[in-house]
>>> print(open('final38.pdb').read())   # PDB, C-alpha atoms, pLDDT in the B column
ATOM      1  CA  MET A 129     146.637-120.174   4.412  1.00 82.00           C
ATOM      2  CA  ASP A 130     149.846-119.565   6.378  1.00 90.00           C
ATOM      3  CA  ALA A 131     148.211-120.417   9.697  1.00 93.00           C
ATOM      4  CA  LEU A 132     146.826-123.631   8.197  1.00 95.00           C
ATOM      5  CA  ILE A 133     150.300-124.686   7.070  1.00 96.00           C
ATOM      6  CA  PHE A 134     151.650-124.010  10.567  1.00 96.00           C
ATOM      7  CA  LEU A 135     148.861-126.202  11.948  1.00 97.00           C
ATOM      8  CA  LEU A 136     149.771-128.869   9.389  1.00 97.00           C
ATOM      9  CA  ILE A 137     153.396-128.772  10.586  1.00 97.00           C
ATOM     10  CA  LEU A 138     152.168-129.042  14.171  1.00 97.00           C
ATOM     11  CA  ALA A 139     149.999-132.026  13.226  1.00 97.00           C
ATOM     12  CA  THR A 140     153.073-133.631  11.654  1.00 97.00           C
ATOM     13  CA  LEU A 141     154.982-133.222  14.917  1.00 96.00           C
ATOM     14  CA  VAL A 142     152.084-134.713  16.882  1.00 97.00           C
ATOM     15  CA  ALA A 143     151.979-137.706  14.512  1.00 96.00           C
ATOM     16  CA  MET A 144     155.720-138.186  15.004  1.00 95.00           C
ATOM     17  CA  TRP A 145     155.298-137.955  18.779  1.00 94.00           C
ATOM     18  CA  ARG A 146     152.572-140.610  18.705  1.00 94.00           C
ATOM     19  CA  GLY A 147     154.668-142.974  16.596  1.00 91.00           C
ATOM     20  CA  LYS A 148     152.459-142.854  13.477  1.00 93.00           C
ATOM     21  CA  ARG A 149     155.268-143.190  10.969  1.00 92.00           C
ATOM     22  CA  ARG A 150     153.291-143.395   7.747  1.00 94.00           C
ATOM     23  CA  LEU A 151     150.955-140.560   8.732  1.00 96.00           C
ATOM     24  CA  ALA A 152     153.884-138.407   9.831  1.00 95.00           C
ATOM     25  CA  GLY A 153     155.681-139.004   6.536  1.00 95.00           C
ATOM     26  CA  MET A 154     152.581-138.146   4.542  1.00 96.00           C
ATOM     27  CA  LEU A 155     151.870-134.996   6.559  1.00 97.00           C
ATOM     28  CA  PHE A 156     155.499-133.915   6.190  1.00 96.00           C
ATOM     29  CA  ALA A 157     155.312-134.334   2.414  1.00 97.00           C
ATOM     30  CA  VAL A 158     152.009-132.451   2.204  1.00 97.00           C
ATOM     31  CA  ALA A 159     153.383-129.617   4.361  1.00 97.00           C
ATOM     32  CA  LEU A 160     156.508-129.359   2.225  1.00 96.00           C
ATOM     33  CA  VAL A 161     154.485-129.228  -1.001  1.00 97.00           C
ATOM     34  CA  ALA A 162     152.158-126.633   0.563  1.00 96.00           C
ATOM     35  CA  VAL A 163     155.172-124.476   1.467  1.00 96.00           C
ATOM     36  CA  VAL A 164     156.492-124.745  -2.097  1.00 96.00           C
ATOM     37  CA  LEU A 165     153.088-123.770  -3.534  1.00 94.00           C
ATOM     38  CA  LEU A 166     152.805-120.826  -1.123  1.00 94.00           C
ATOM     39  CA  PHE A 167     156.273-119.685  -2.188  1.00 93.00           C
ATOM     40  CA  ARG A 168     155.269-120.023  -5.838  1.00 92.00           C
ATOM     41  CA  HIS A 169     152.243-117.812  -5.153  1.00 89.00           C
ATOM     42  CA  HIS A 170     154.346-115.079  -3.550  1.00 87.00           C
ATOM     43  CA  ALA A 171     157.333-115.289  -5.909  1.00 85.00           C
ATOM     44  CA  THR A 172     155.805-113.117  -8.600  1.00 77.00           C
ATOM     45  CA  ASP A 173     157.932-109.964  -8.455  1.00 67.00           C
ATOM     46  CA  THR A 174     160.749-109.555 -10.947  1.00 69.00           C
ATOM     47  CA  LEU A 175     164.197-109.263  -9.449  1.00 65.00           C
ATOM     48  CA  PRO A 176     165.555-105.663  -9.577  1.00 64.00           C
ATOM     49  CA  ILE A 177     168.830-106.627 -11.266  1.00 64.00           C
ATOM     50  CA  SER A 178     170.062-106.058 -14.793  1.00 66.00           C
ATOM     51  CA  LEU A 179     172.659-108.444 -16.159  1.00 61.00           C
TER      52      LEU A 179
ATOM     53  CA  MET B 257     171.113-144.441  19.828  1.00 61.00           C
ATOM     54  CA  THR B 258     174.277-143.250  21.472  1.00 77.00           C
ATOM     55  CA  LEU B 259     174.222-140.336  23.856  1.00 80.00           C
ATOM     56  CA  PHE B 260     176.326-138.303  21.402  1.00 84.00           C
ATOM     57  CA  ARG B 261     173.835-138.737  18.556  1.00 85.00           C
ATOM     58  CA  LEU B 262     171.020-137.913  20.977  1.00 87.00           C
ATOM     59  CA  CYS B 263     172.773-134.697  22.020  1.00 90.00           C
ATOM     60  CA  ILE B 264     173.365-133.710  18.384  1.00 91.00           C
ATOM     61  CA  ALA B 265     169.649-134.120  17.591  1.00 92.00           C
ATOM     62  CA  ILE B 266     168.635-132.090  20.661  1.00 94.00           C
ATOM     63  CA  THR B 267     171.171-129.387  19.747  1.00 94.00           C
ATOM     64  CA  CYS B 268     169.763-129.159  16.202  1.00 93.00           C
ATOM     65  CA  ILE B 269     166.239-128.682  17.570  1.00 95.00           C
ATOM     66  CA  LEU B 270     167.279-126.133  20.201  1.00 95.00           C
ATOM     67  CA  ALA B 271     169.376-124.158  17.696  1.00 94.00           C
ATOM     68  CA  THR B 272     166.392-123.938  15.340  1.00 94.00           C
ATOM     69  CA  CYS B 273     164.128-122.962  18.251  1.00 95.00           C
ATOM     70  CA  ALA B 274     166.575-120.198  19.197  1.00 94.00           C
ATOM     71  CA  VAL B 275     166.460-118.782  15.662  1.00 92.00           C
ATOM     72  CA  LEU B 276     162.655-118.975  15.584  1.00 94.00           C
ATOM     73  CA  LEU B 277     162.435-117.278  18.998  1.00 94.00           C
ATOM     74  CA  GLY B 278     164.750-114.566  17.656  1.00 91.00           C
ATOM     75  CA  ALA B 279     162.341-114.047  14.752  1.00 90.00           C
ATOM     76  CA  LEU B 280     159.422-113.746  17.194  1.00 92.00           C
ATOM     77  CA  TRP B 281     161.449-111.246  19.233  1.00 91.00           C
ATOM     78  CA  ALA B 282     162.054-109.185  16.085  1.00 88.00           C
ATOM     79  CA  GLN B 283     158.309-109.327  15.385  1.00 89.00           C
ATOM     80  CA  TYR B 284     157.039-108.346  18.805  1.00 90.00           C
ATOM     81  CA  GLY B 285     160.103-106.786  20.463  1.00 89.00           C
ATOM     82  CA  LEU B 286     161.197-104.607  17.552  1.00 86.00           C
ATOM     83  CA  GLY B 287     157.701-104.270  16.064  1.00 85.00           C
ATOM     84  CA  GLU B 288     158.702-105.569  12.623  1.00 86.00           C
ATOM     85  CA  PHE B 289     155.955-107.388  10.790  1.00 89.00           C
ATOM     86  CA  PRO B 290     157.235-110.464   8.936  1.00 90.00           C
ATOM     87  CA  CYS B 291     156.628-110.535   5.186  1.00 89.00           C
ATOM     88  CA  PRO B 292     155.232-113.635   3.433  1.00 91.00           C
ATOM     89  CA  LEU B 293     158.708-114.845   2.468  1.00 92.00           C
ATOM     90  CA  CYS B 294     159.860-114.487   6.101  1.00 92.00           C
ATOM     91  CA  ILE B 295     156.924-116.637   7.198  1.00 95.00           C
ATOM     92  CA  ILE B 296     157.764-119.274   4.561  1.00 96.00           C
ATOM     93  CA  GLN B 297     161.352-119.340   5.821  1.00 96.00           C
ATOM     94  CA  ARG B 298     160.058-119.960   9.337  1.00 96.00           C
ATOM     95  CA  MET B 299     158.050-122.871   7.966  1.00 96.00           C
ATOM     96  CA  GLY B 300     161.190-124.223   6.295  1.00 96.00           C
ATOM     97  CA  MET B 301     163.108-124.030   9.565  1.00 96.00           C
ATOM     98  CA  MET B 302     160.340-125.827  11.435  1.00 97.00           C
ATOM     99  CA  LEU B 303     160.199-128.582   8.819  1.00 97.00           C
ATOM    100  CA  ALA B 304     163.991-128.885   8.990  1.00 96.00           C
ATOM    101  CA  ALA B 305     163.777-129.261  12.774  1.00 96.00           C
ATOM    102  CA  LEU B 306     161.160-132.000  12.391  1.00 96.00           C
ATOM    103  CA  GLY B 307     163.931-134.330  11.143  1.00 95.00           C
ATOM    104  CA  PRO B 308     165.848-134.572  14.427  1.00 95.00           C
ATOM    105  CA  ALA B 309     162.553-134.336  16.341  1.00 96.00           C
ATOM    106  CA  TRP B 310     161.311-137.417  14.465  1.00 95.00           C
ATOM    107  CA  LEU B 311     164.552-139.172  15.317  1.00 93.00           C
ATOM    108  CA  LEU B 312     164.050-138.458  19.034  1.00 93.00           C
ATOM    109  CA  CYS B 313     160.429-139.625  18.838  1.00 93.00           C
ATOM    110  CA  ARG B 314     161.554-142.880  17.205  1.00 92.00           C
ATOM    111  CA  ALA B 315     164.353-143.340  19.753  1.00 91.00           C
ATOM    112  CA  ALA B 316     161.831-142.922  22.571  1.00 91.00           C
ATOM    113  CA  ARG B 317     159.929-145.953  21.236  1.00 89.00           C
ATOM    114  CA  GLY B 318     162.827-148.304  20.641  1.00 87.00           C
ATOM    115  CA  PRO B 319     166.150-148.816  18.866  1.00 89.00           C
ATOM    116  CA  VAL B 320     166.863-146.712  15.784  1.00 88.00           C
ATOM    117  CA  ASP B 321     168.921-147.949  12.841  1.00 89.00           C
ATOM    118  CA  ALA B 322     170.688-146.373   9.861  1.00 90.00           C
ATOM    119  CA  HIS B 323     167.431-146.261   7.877  1.00 91.00           C
ATOM    120  CA  ASP B 324     165.757-144.201  10.611  1.00 91.00           C
ATOM    121  CA  PHE B 325     168.683-141.787  10.729  1.00 91.00           C
ATOM    122  CA  ALA B 326     168.792-141.421   6.952  1.00 93.00           C
ATOM    123  CA  GLN B 327     165.037-140.864   6.678  1.00 93.00           C
ATOM    124  CA  CYS B 328     164.962-138.192   9.391  1.00 93.00           C
ATOM    125  CA  TYR B 329     167.972-136.232   8.184  1.00 93.00           C
ATOM    126  CA  ALA B 330     166.827-136.525   4.557  1.00 95.00           C
ATOM    127  CA  CYS B 331     163.634-134.743   5.655  1.00 95.00           C
ATOM    128  CA  SER B 332     165.784-131.980   7.158  1.00 96.00           C
ATOM    129  CA  ILE B 333     167.801-131.610   3.952  1.00 97.00           C
ATOM    130  CA  LEU B 334     164.660-131.431   1.797  1.00 97.00           C
ATOM    131  CA  ALA B 335     163.143-128.745   4.031  1.00 97.00           C
ATOM    132  CA  ALA B 336     166.430-126.819   4.151  1.00 97.00           C
ATOM    133  CA  VAL B 337     166.689-126.847   0.351  1.00 97.00           C
ATOM    134  CA  VAL B 338     163.180-125.379   0.072  1.00 97.00           C
ATOM    135  CA  GLY B 339     163.845-122.821   2.829  1.00 96.00           C
ATOM    136  CA  GLY B 340     167.242-121.931   1.352  1.00 96.00           C
ATOM    137  CA  THR B 341     165.625-121.316  -2.018  1.00 96.00           C
ATOM    138  CA  VAL B 342     163.150-118.902  -0.445  1.00 95.00           C
ATOM    139  CA  SER B 343     165.762-117.018   1.583  1.00 95.00           C
ATOM    140  CA  GLY B 344     168.142-116.988  -1.391  1.00 95.00           C
ATOM    141  CA  ARG B 345     165.446-115.400  -3.510  1.00 92.00           C
ATOM    142  CA  GLN B 346     164.783-112.755  -0.882  1.00 91.00           C
ATOM    143  CA  VAL B 347     168.499-111.976  -0.737  1.00 92.00           C
ATOM    144  CA  LEU B 348     168.476-111.567  -4.531  1.00 90.00           C
ATOM    145  CA  ILE B 349     165.440-109.259  -4.386  1.00 87.00           C
ATOM    146  CA  HIS B 350     167.428-106.843  -2.228  1.00 88.00           C
ATOM    147  CA  ILE B 351     170.844-107.356  -3.792  1.00 85.00           C
ATOM    148  CA  ALA B 352     170.731-104.255  -6.006  1.00 82.00           C
ATOM    149  CA  PRO B 353     173.005-101.405  -4.817  1.00 83.00           C
ATOM    150  CA  GLY B 354     171.128 -98.832  -2.736  1.00 82.00           C
ATOM    151  CA  ASP B 355     168.361-101.231  -1.723  1.00 83.00           C
ATOM    152  CA  PRO B 356     167.885-100.837   2.045  1.00 84.00           C
ATOM    153  CA  GLY B 357     166.596-104.390   2.426  1.00 81.00           C
ATOM    154  CA  TYR B 358     163.540-105.513   4.364  1.00 83.00           C
ATOM    155  CA  GLY B 359     163.518-104.908   8.112  1.00 80.00           C
ATOM    156  CA  SER B 360     166.381-103.976  10.377  1.00 80.00           C
ATOM    157  CA  PRO B 361     169.725-105.792  10.115  1.00 82.00           C
ATOM    158  CA  VAL B 362     170.820-107.954  13.043  1.00 81.00           C
ATOM    159  CA  LEU B 363     174.610-108.103  13.575  1.00 85.00           C
ATOM    160  CA  GLY B 364     175.091-106.552  10.166  1.00 86.00           C
ATOM    161  CA  LEU B 365     172.915-108.960   8.201  1.00 88.00           C
ATOM    162  CA  HIS B 366     169.192-108.998   7.499  1.00 89.00           C
ATOM    163  CA  LEU B 367     167.128-111.839   8.909  1.00 90.00           C
ATOM    164  CA  TYR B 368     166.663-113.490   5.505  1.00 92.00           C
ATOM    165  CA  THR B 369     170.448-113.533   5.031  1.00 93.00           C
ATOM    166  CA  TRP B 370     170.828-115.192   8.423  1.00 92.00           C
ATOM    167  CA  ALA B 371     168.096-117.632   7.410  1.00 94.00           C
ATOM    168  CA  PHE B 372     170.034-118.550   4.266  1.00 96.00           C
ATOM    169  CA  ILE B 373     173.116-119.242   6.415  1.00 95.00           C
ATOM    170  CA  VAL B 374     171.017-121.373   8.795  1.00 94.00           C
ATOM    171  CA  PHE B 375     169.639-123.472   5.908  1.00 96.00           C
ATOM    172  CA  VAL B 376     173.134-124.056   4.500  1.00 97.00           C
ATOM    173  CA  VAL B 377     174.318-125.128   7.966  1.00 95.00           C
ATOM    174  CA  VAL B 378     171.328-127.499   8.286  1.00 94.00           C
ATOM    175  CA  VAL B 379     172.202-129.182   4.973  1.00 96.00           C
ATOM    176  CA  ALA B 380     175.870-129.482   5.950  1.00 95.00           C
ATOM    177  CA  ALA B 381     175.129-130.758   9.473  1.00 92.00           C
ATOM    178  CA  SER B 382     172.615-133.321   8.170  1.00 93.00           C
ATOM    179  CA  ALA B 383     175.101-134.523   5.564  1.00 93.00           C
ATOM    180  CA  VAL B 384     177.786-134.957   8.224  1.00 92.00           C
ATOM    181  CA  GLN B 385     175.307-136.915  10.372  1.00 89.00           C
ATOM    182  CA  MET B 386     174.581-139.199   7.429  1.00 90.00           C
ATOM    183  CA  LEU B 387     178.303-139.765   6.892  1.00 90.00           C
ATOM    184  CA  PHE B 388     178.460-141.467  10.271  1.00 87.00           C
ATOM    185  CA  LEU B 389     175.347-143.611  10.248  1.00 85.00           C
ATOM    186  CA  PRO B 390     175.310-146.393  12.850  1.00 83.00           C
ATOM    187  CA  ARG B 391     176.116-149.840  11.479  1.00 83.00           C
ATOM    188  CA  ARG B 392     173.506-151.473  13.679  1.00 82.00           C
ATOM    189  CA  ALA B 393     170.412-150.431  15.581  1.00 81.00           C
ATOM    190  CA  GLU B 394     171.160-148.339  18.644  1.00 80.00           C
ATOM    191  CA  SER B 395     169.052-147.700  21.701  1.00 78.00           C
ATOM    192  CA  HIS B 396     169.378-145.110  24.428  1.00 75.00           C
ATOM    193  CA  ARG B 397     167.015-143.838  27.058  1.00 79.00           C
ATOM    194  CA  VAL B 398     165.428-140.610  25.822  1.00 79.00           C
ATOM    195  CA  GLY B 399     165.325-138.282  28.818  1.00 83.00           C
ATOM    196  CA  VAL B 400     163.298-135.285  29.838  1.00 90.00           C
ATOM    197  CA  GLY B 401     165.598-132.876  27.992  1.00 87.00           C
ATOM    198  CA  ALA B 402     164.891-134.506  24.646  1.00 90.00           C
ATOM    199  CA  ARG B 403     161.146-134.527  25.272  1.00 93.00           C
ATOM    200  CA  LEU B 404     161.207-130.904  26.396  1.00 95.00           C
ATOM    201  CA  SER B 405     163.047-129.863  23.233  1.00 95.00           C
ATOM    202  CA  VAL B 406     160.317-131.464  21.109  1.00 95.00           C
ATOM    203  CA  VAL B 407     157.619-129.809  23.245  1.00 96.00           C
ATOM    204  CA  LEU B 408     159.398-126.451  22.870  1.00 97.00           C
ATOM    205  CA  LEU B 409     159.431-126.870  19.094  1.00 96.00           C
ATOM    206  CA  GLY B 410     155.717-127.719  19.120  1.00 97.00           C
ATOM    207  CA  SER B 411     154.968-124.673  21.271  1.00 97.00           C
ATOM    208  CA  ILE B 412     156.852-122.355  18.920  1.00 97.00           C
ATOM    209  CA  ILE B 413     154.959-123.768  15.935  1.00 97.00           C
ATOM    210  CA  ALA B 414     151.645-123.175  17.737  1.00 97.00           C
ATOM    211  CA  VAL B 415     152.624-119.606  18.685  1.00 96.00           C
ATOM    212  CA  ASN B 416     153.558-118.891  15.067  1.00 96.00           C
ATOM    213  CA  ALA B 417     150.213-120.251  13.868  1.00 96.00           C
ATOM    214  CA  VAL B 418     148.401-117.804  16.143  1.00 95.00           C
ATOM    215  CA  ALA B 419     150.773-114.921  15.307  1.00 94.00           C
ATOM    216  CA  VAL B 420     150.352-115.313  11.568  1.00 93.00           C
ATOM    217  CA  PHE B 421     146.572-115.595  11.928  1.00 93.00           C
ATOM    218  CA  VAL B 422     146.548-112.313  13.850  1.00 92.00           C
ATOM    219  CA  GLU B 423     148.715-110.762  11.138  1.00 90.00           C
ATOM    220  CA  SER B 424     146.713-112.011   8.161  1.00 88.00           C
ATOM    221  CA  GLY B 425     143.197-111.944   9.625  1.00 85.00           C
ATOM    222  CA  PHE B 426     140.513-113.714   7.625  1.00 87.00           C
ATOM    223  CA  HIS B 427     142.496-113.519   4.374  1.00 86.00           C
ATOM    224  CA  TRP B 428     144.081-116.375   2.445  1.00 86.00           C
ATOM    225  CA  TYR B 429     147.392-114.613   1.958  1.00 87.00           C
ATOM    226  CA  LEU B 430     149.540-112.061   3.747  1.00 85.00           C
ATOM    227  CA  PRO B 431     150.147-108.744   1.964  1.00 83.00           C
ATOM    228  CA  ASP B 432     153.619-108.322   0.426  1.00 81.00           C
ATOM    229  CA  ASN B 433     154.623-105.627   2.888  1.00 81.00           C
ATOM    230  CA  PRO B 434     152.519-105.919   6.064  1.00 83.00           C
ATOM    231  CA  THR B 435     152.516-102.943   8.420  1.00 82.00           C
ATOM    232  CA  SER B 436     149.814-103.947  10.884  1.00 82.00           C
ATOM    233  CA  ASN B 437     147.896-106.877  12.321  1.00 84.00           C
ATOM    234  CA  ARG B 438     144.952-107.251   9.968  1.00 84.00           C
ATOM    235  CA  LEU B 439     142.844-109.262  12.397  1.00 87.00           C
ATOM    236  CA  LEU B 440     143.087-106.562  15.073  1.00 85.00           C
ATOM    237  CA  ASP B 441     142.411-103.860  12.473  1.00 84.00           C
ATOM    238  CA  GLU B 442     139.321-105.687  11.296  1.00 84.00           C
ATOM    239  CA  LEU B 443     138.063-106.266  14.825  1.00 85.00           C
ATOM    240  CA  ARG B 444     138.482-102.540  15.520  1.00 85.00           C
ATOM    241  CA  GLY B 445     136.688-101.743  12.278  1.00 81.00           C
ATOM    242  CA  GLU B 446     139.735 -99.981  10.796  1.00 75.00           C
ATOM    243  CA  THR B 447     140.905-100.284   7.186  1.00 66.00           C
ATOM    244  CA  PRO B 448     144.207-102.198   6.988  1.00 58.00           C
ATOM    245  CA  THR B 449     147.072 -99.925   5.937  1.00 56.00           C
ATOM    246  CA  ASN B 450     149.204-102.603   4.358  1.00 54.00           C
ATOM    247  CA  ASP B 451     151.117-101.849   1.191  1.00 48.00           C
ATOM    248  CA  GLU B 452     150.260-104.615  -1.234  1.00 48.00           C
ATOM    249  CA  THR B 453     152.733-103.739  -3.946  1.00 45.00           C
ATOM    250  CA  SER B 454     156.301-103.333  -2.731  1.00 48.00           C
ATOM    251  CA  ASN B 455     158.832-106.151  -2.533  1.00 52.00           C
ATOM    252  CA  PRO B 456     159.067-107.976   0.799  1.00 60.00           C
TER     253      PRO B 456
END
>>> encode(input="final38.pdb", output="structure tokens")
Amino acid sequence: MDALIFLLILATLVAMWRGKRRLAGMLFAVALVAVVLLFRHHATDTLPISL
Amino acid sequence: MTLFRLCIAITCILATCAVLLGALWAQYGLGEFPCPLCIIQRMGMMLAALGPAWLLCRAARGPVDAHDFAQCYACSILAAVVGGTVSGRQVLIHIAPGDPGYGSPVLGLHLYTWAFIVFVVVVAASAVQMLFLPRRAESHRVGVGARLSVVLLGSIIAVNAVAVFVESGFHWYLPDNPTSNRLLDELRGETPTNDETSNP
């Protein structure tokens, strides 16, 4: 999963380099959402603090 | 695009590349395996660096106006907010007294604390850039230095893709506390020794 997201970010950079604005914007948005979902998957531990 | 704005964009990319190279050095030089949250913070930094990189790519193809600037730096701010949330959470995980933290500290702070500082700086720097948007379209010749900075960023992203694949092997997710490269373990026929339970 992580490697795929890195490849997605790389594809975004390539789209930017080639001047594909719409594609680059879409890939950026997809990559950002993927990062948020990956974080949501890993953020399952309770914080060790007592307030 | 004035030379000053061009230099600022290149500096933003190179600064992010320096931080990402530092993380790779900690991984391979110090032998510290990055946890899933560390990897997500790297992704956030890369996405934040895509903002100025996009600006340089647009400037290489013609004049850039205020809308281009705003769009590119807005992307950086969005990515920095996501990355800052992740690093902030990791700081909170280890905030309890007596918690040794994850990994070795660098200059007194752990890498995720440095990452949080970097994300705050990215938001602030992008906001300052957007305060001084050009009133009309600007054009400037994008030189080799700008192109090389974008290529460097692309190379670091590619290296990270390979590094994380070696670390995770043929698994969807990294373990919470990785202690070895799963792909190499699996190729050698060894059982991975990663601790799946402790906090990253």
>>> closest_atom_pairs(input="final38.pdb", of="chain B", to="chain A", cutoff="8 Å", atoms="all atoms listed in the file", output="tab-separated table")
residue	atom	partner	partner_atom	distance
B:Pro292	CA	A:His170	CA	7.2
B:Leu293	CA	A:Phe167	CA	7.1
B:Ile295	CA	A:Asp130	CA	7.7
B:Ile296	CA	A:Val163	CA	6.6
B:Met299	CA	A:Phe134	CA	7.0
B:Gly300	CA	A:Val163	CA	7.7
B:Met302	CA	A:Ile137	CA	7.6
B:Leu303	CA	A:Ile137	CA	7.0
B:Leu306	CA	A:Leu141	CA	6.8
B:Ala309	CA	A:Leu141	CA	7.8
B:Trp310	CA	A:Met144	CA	5.7
B:Cys313	CA	A:Trp145	CA	5.4
B:Arg314	CA	A:Gly147	CA	6.9
B:Arg317	CA	A:Gly147	CA	7.6
B:Ala335	CA	A:Leu160	CA	6.9
B:Val338	CA	A:Val164	CA	7.1
B:Val342	CA	A:Phe167	CA	7.1
B:Leu348	CA	A:Leu175	CA	6.9
B:Ile349	CA	A:Leu175	CA	5.2
B:His350	CA	A:Pro176	CA	7.7
B:Ile351	CA	A:Ile177	CA	7.8
B:Ala352	CA	A:Ile177	CA	6.1
B:Gly410	CA	A:Leu138	CA	6.2
B:Ile413	CA	A:Leu138	CA	6.2
B:Ala414	CA	A:Leu138	CA	6.9
B:Asn416	CA	A:Phe134	CA	7.1
B:Ala417	CA	A:Ala131	CA	4.6
B:Val418	CA	A:Ala131	CA	7.0
B:Val420	CA	A:Ala131	CA	5.8
B:Phe421	CA	A:Ala131	CA	5.6
B:His427	CA	A:Met129	CA	7.8
B:Trp428	CA	A:Met129	CA	5.0
B:Tyr429	CA	A:Met129	CA	6.1
B:Leu430	CA	A:Asp130	CA	8.0
B:Asp432	CA	A:His170	CA	7.9
B:Asn455	CA	A:Asp173	CA	7.1
>>> atom_distance(input="final38.pdb", atom1="atom CA of Gly318 of chain B", atom2="atom CA of Ala274 of chain B")
28.4 Å
>>> atom_distance(input="final38.pdb", atom1="atom CA of Gly354 of chain B", atom2="atom CA of Gln297 of chain B")
24.3 Å
>>> resolve_selection(input="final38.pdb", expression="the PyMOL selection byres ((chain B and resi 436-444) around 6)", output="PDB file with C-alpha atoms, in the frame of the given file")
ATOM      1  CA  VAL B 422     146.548-112.313  13.850  1.00 92.00           C
ATOM      2  CA  GLU B 423     148.715-110.762  11.138  1.00 90.00           C
ATOM      3  CA  SER B 424     146.713-112.011   8.161  1.00 88.00           C
ATOM      4  CA  GLY B 425     143.197-111.944   9.625  1.00 85.00           C
ATOM      5  CA  PRO B 434     152.519-105.919   6.064  1.00 83.00           C
ATOM      6  CA  THR B 435     152.516-102.943   8.420  1.00 82.00           C
ATOM      7  CA  GLY B 445     136.688-101.743  12.278  1.00 81.00           C
ATOM      8  CA  GLU B 446     139.735 -99.981  10.796  1.00 75.00           C
ATOM      9  CA  PRO B 448     144.207-102.198   6.988  1.00 58.00           C
TER      10      PRO B 448
END
>>> closest_residue(input="final38.pdb", among="B:Ala304, B:Ala265, B:Ala326, B:Leu276", to="Leu387 of chain B", atoms="all atoms listed in the file")
B:Ala326
>>> residues_around(input="final38.pdb", residues="segment 257-262 of chain B", least_positions_apart="3", cutoff="10 Å", atoms="only C-alpha atoms", output="mmCIF file with C-alpha atoms, keeping the file's coordinate frame")
data_model
loop_
_atom_site.group_PDB
_atom_site.id
_atom_site.type_symbol
_atom_site.label_atom_id
_atom_site.label_comp_id
_atom_site.auth_asym_id
_atom_site.auth_seq_id
_atom_site.Cartn_x
_atom_site.Cartn_y
_atom_site.Cartn_z
ATOM 1 C CA ALA B 265 169.649 -134.120 17.591
ATOM 2 C CA ILE B 266 168.635 -132.090 20.661
ATOM 3 C CA THR B 267 171.171 -129.387 19.747
ATOM 4 C CA PRO B 308 165.848 -134.572 14.427
ATOM 5 C CA LEU B 311 164.552 -139.172 15.317
ATOM 6 C CA LEU B 312 164.050 -138.458 19.034
ATOM 7 C CA ALA B 315 164.353 -143.340 19.753
ATOM 8 C CA ALA B 316 161.831 -142.922 22.571
ATOM 9 C CA GLY B 318 162.827 -148.304 20.641
ATOM 10 C CA PRO B 319 166.150 -148.816 18.866
ATOM 11 C CA VAL B 320 166.863 -146.712 15.784
ATOM 12 C CA ASP B 321 168.921 -147.949 12.841
ATOM 13 C CA PHE B 325 168.683 -141.787 10.729
ATOM 14 C CA GLN B 385 175.307 -136.915 10.372
ATOM 15 C CA PHE B 388 178.460 -141.467 10.271
ATOM 16 C CA LEU B 389 175.347 -143.611 10.248
ATOM 17 C CA PRO B 390 175.310 -146.393 12.850
ATOM 18 C CA ARG B 392 173.506 -151.473 13.679
ATOM 19 C CA ALA B 393 170.412 -150.431 15.581
ATOM 20 C CA GLU B 394 171.160 -148.339 18.644
ATOM 21 C CA SER B 395 169.052 -147.700 21.701
ATOM 22 C CA HIS B 396 169.378 -145.110 24.428
ATOM 23 C CA ARG B 397 167.015 -143.838 27.058
ATOM 24 C CA VAL B 398 165.428 -140.610 25.822
ATOM 25 C CA GLY B 399 165.325 -138.282 28.818
ATOM 26 C CA ALA B 402 164.891 -134.506 24.646
#
